[in-house]
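Trainee: The structure is given below, and queries will be raised subsequently.
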Amino acid sequence: MPSINEDVSIGNLGSLQTLPDSFTWKLTAADSILPPSSAAVKESIPVIDLSDPDVTNLLGNACKTWGAFQIANHGVSQSLLDDVESLSKTFFDMPSERKLEAASSNKGVSGYGEPRISLFFEKKMWSEGLTIADGSYRNQFLTIWPRDYTKYCGIIEEYKGEMEKLASRLLSCILGSLGVTVDDIEWAKKTEKSESKMGQSVIRLNHYPVCPEPERAMGLAAHTDSCLLTILHQSNMGGLQVFKEESGWVTVEPIPGVLVVNIGDLFHILSNGKFPSVVHRARVNRTKSRISIAYLWGGPAGEVEISPISKIVGPVGPCLYRPVTWSEYLRIKFEVFDKALDAIGVVNPTN
Ligand SMILES: C=C1C[C@]23C[C@@]1(O)CC[C@H]2[C@@]12CCC[C@@](C)(C(=O)O1)[C@H]2[C@@H]3C(=O)O
Ligand SMILES: O=C(O)CCC(=O)C(=O)O
Ligand SMILES: [Fe+2]
């Protein structure tokens, strides 16, 4: 049993019988979701069928109201979702020492470790993860799976390809809801026309082990994603919650085969503040572990700047944000965290 201040390895969390002090969060009443009451209507983010003829409107409303939604009929096969989930399980089931062989270096983003936002919180999060940010994951996979390396790299490549297609489809539809097309955005037009893929992206495999005191622990603390949009596959166990001003924390119940999408900071900028970059977090469970796979799409390849779409800026209101590349935005985010959008806000916006 770990003593109060013992340094606990995140690779072994699931075997702990008590919650170490370093993982004990002081959660207030506002941090918890309201107890279920028969009178209360259980709110949830919308589930949108991508084959619905009214898909553009449905997506637009969900983006405006929630900054998040779930999608059915998205075209990604169940067997691919199962494969990427079982790859994740195989990795997280390994002994801690093996997982640490894939640990992210100080400089690198790719690799095994705590969530990157951990540095902004006093307490530790009850989770571990593997970030796949660029081609360097191949070397890590070779170390982890010398025999099954080709198979697992193939699954990741296929998953990335499918996510790119889906992200591109979502971008067109969501832009449509703002009355613009990809042709109104220079980088989006180029991306669509070129053979080159969707540009920059990161896949994060998250694992939330069983926890002896889930009420006092936090799987992944409240944050917004820095990218344009995130597509998330969650295993058959709830834990993801989104924050809505009027409702507080709302749980996103998993629906088999359905993917969760959320607006990130860059889309908030692109929409000139019309779509909220949704604050979300992950809670943990006493008896069941949980896996989630997040595909974070950061936008075009190279140092391309994202700025509010000019066509929607003038008529409706002043331009709220200055142009920024994803890499610059990430630098700012990991300096000032939840003040990053303020840091690139235009001080005296005029038309
Ligand atoms: C490109 C990135 C976005 C991300 C930080 C990172 O450098 C790599 C992992 C991403 C992730 C995944 C889990 C949640 C999150 C907030 C984090 O700590 O690491 C996001 C980061 C982000 O969107 O800012
Ligand atoms: O595990 C989840 O449900 C949330 C994961 C997440 O927010 C992320 O990876 O950015
Ligand atoms: Fe997130």
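Going through the structure tokens in order, the chains are called A, B, and so on, while each chain numbers its residues from 1 and the ligands are numbered from 1 in the order shown.
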Within 7 Å of segment 200-210 of chain A, counting only C-alpha atoms, which residues show up once you throw out same-chain ones fewer than 5 positions away? Write them as a PyMOL selection string, please.

Mentor: chain A and resi 13-14+88+126-133+219+284-301

Trainee: As a list in words, please: the residues near segment 150-160 of chain A (cut-off 10 Å, only C-alpha atoms, same-chain neighbours under 6 positions excluded).

Mentor: Val76, Ser77, Leu80, Leu81, Asp83, Val84, Leu87, Ser88, Ile132, Tyr137, Arg138, Phe141, Leu142, Leu166, Lys197, Met198, Ser201, Val202, Ile203 and Tyr295 of chain A

Trainee: May I ask for the distance between atom CA of Gly135 of chain A and atom CA of Thr90 of chain A, given in Å to one decimal place?

Mentor: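 Computing it gives 20.5 Å between the two atoms.
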
Trainee: Please produce, as a Markdown table, a per-residue contact table for chain A versus ligand 1 (criterion: any atom at most 6 Å away, only C-alpha atoms and all ligand atoms considered), showing the nearest atom pair and its distance in Å to one decimal, sorted by chain then residue number.

Mentor:
| residue | atom | partner | partner_atom_place_in_ligand_line | distance |
| --- | --- | --- | --- | --- |
| A:Val109 | CA | ligand 1 | 7 (O) | 5.4 |
| A:Pro115 | CA | ligand 1 | 18 (O) | 4.2 |
| A:Arg116 | CA | ligand 1 | 18 (O) | 3.6 |
| A:Ile117 | CA | ligand 1 | 18 (O) | 4.0 |
| A:Val202 | CA | ligand 1 | 1 (C) | 5.8 |
| A:Arg204 | CA | ligand 1 | 12 (C) | 5.6 |
| A:His223 | CA | ligand 1 | 16 (C) | 5.9 |
| A:Asp225 | CA | ligand 1 | 23 (O) | 3.5 |
| A:Ser226 | CA | ligand 1 | 23 (O) | 3.9 |
| A:Cys227 | CA | ligand 1 | 23 (O) | 5.7 |

Trainee: Excluding Pro318 of chain A and any residue of its chain fewer than 6 positions from it, enumerate the residues within 12 Å of it, using only C-alpha atoms, and give them as a ChimeraX atom specification.

Mentor: /A:271-273,308-312,345-351

Trainee: Go ahead and write the residues just picked, N, CA, C and O atoms, as a compact mmCIF listing (two decimals), in the first residue's frame.

Mentor:
# COMPACT_ATOMS: atom_id res chain seq x y z
N SER A 271 -14.32 30.11 -36.30
CA SER A 271 -15.72 30.53 -36.33
C SER A 271 -15.90 31.91 -35.70
O SER A 271 -17.02 32.34 -35.46
N ASN A 272 -14.80 32.57 -35.42
CA ASN A 272 -14.79 33.89 -34.76
C ASN A 272 -15.65 33.87 -33.49
O ASN A 272 -16.44 34.78 -33.22
N GLY A 273 -15.49 32.80 -32.72
CA GLY A 273 -16.14 32.71 -31.42
C GLY A 273 -17.56 32.17 -31.45
O GLY A 273 -18.20 32.05 -30.41
N PRO A 308 -10.01 33.83 -38.06
CA PRO A 308 -11.46 33.87 -38.27
C PRO A 308 -11.79 33.99 -39.76
O PRO A 308 -11.14 34.76 -40.48
N ILE A 309 -12.78 33.22 -40.24
CA ILE A 309 -13.14 33.21 -41.66
C ILE A 309 -13.61 34.62 -42.05
O ILE A 309 -14.55 35.16 -41.46
N SER A 310 -12.93 35.19 -43.05
CA SER A 310 -13.21 36.60 -43.37
C SER A 310 -14.68 36.82 -43.76
O SER A 310 -15.28 37.83 -43.40
N LYS A 311 -15.26 35.85 -44.45
CA LYS A 311 -16.63 36.02 -44.92
C LYS A 311 -17.65 36.15 -43.77
O LYS A 311 -18.72 36.74 -43.96
N ILE A 312 -17.32 35.58 -42.62
CA ILE A 312 -18.30 35.69 -41.52
C ILE A 312 -17.92 36.79 -40.53
O ILE A 312 -18.66 37.08 -39.60
N GLY A 345 -6.42 36.94 -28.41
CA GLY A 345 -7.59 37.79 -28.69
C GLY A 345 -7.13 39.16 -29.16
O GLY A 345 -6.08 39.66 -28.76
N VAL A 346 -7.94 39.77 -30.05
CA VAL A 346 -7.63 41.12 -30.52
C VAL A 346 -8.12 42.08 -29.43
O VAL A 346 -9.25 41.96 -28.95
N VAL A 347 -7.25 43.01 -29.03
CA VAL A 347 -7.57 43.83 -27.86
C VAL A 347 -8.77 44.75 -28.10
O VAL A 347 -9.73 44.74 -27.34
N ASN A 348 -8.71 45.56 -29.16
CA ASN A 348 -9.86 46.43 -29.44
C ASN A 348 -10.47 46.06 -30.78
O ASN A 348 -10.19 46.69 -31.79
N PRO A 349 -11.28 45.01 -30.80
CA PRO A 349 -11.77 44.54 -32.09
C PRO A 349 -12.62 45.59 -32.81
O PRO A 349 -13.48 46.23 -32.20
N THR A 350 -12.32 45.80 -34.08
CA THR A 350 -13.16 46.66 -34.92
C THR A 350 -13.45 45.89 -36.20
O THR A 350 -12.75 44.95 -36.52
N ASN A 351 -14.43 46.33 -36.96
CA ASN A 351 -14.77 45.59 -38.18
C ASN A 351 -13.70 45.67 -39.25
O ASN A 351 -13.07 46.62 -39.44

Trainee: Restricting the calculation to only C-alpha atoms, which member of A:Asp31, A:Glu101, A:Asp184, A:Asp342 is positioned closest to His280 of chain A?

Mentor: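 Smallest distance to His280 of chain A is found for A:Asp31.
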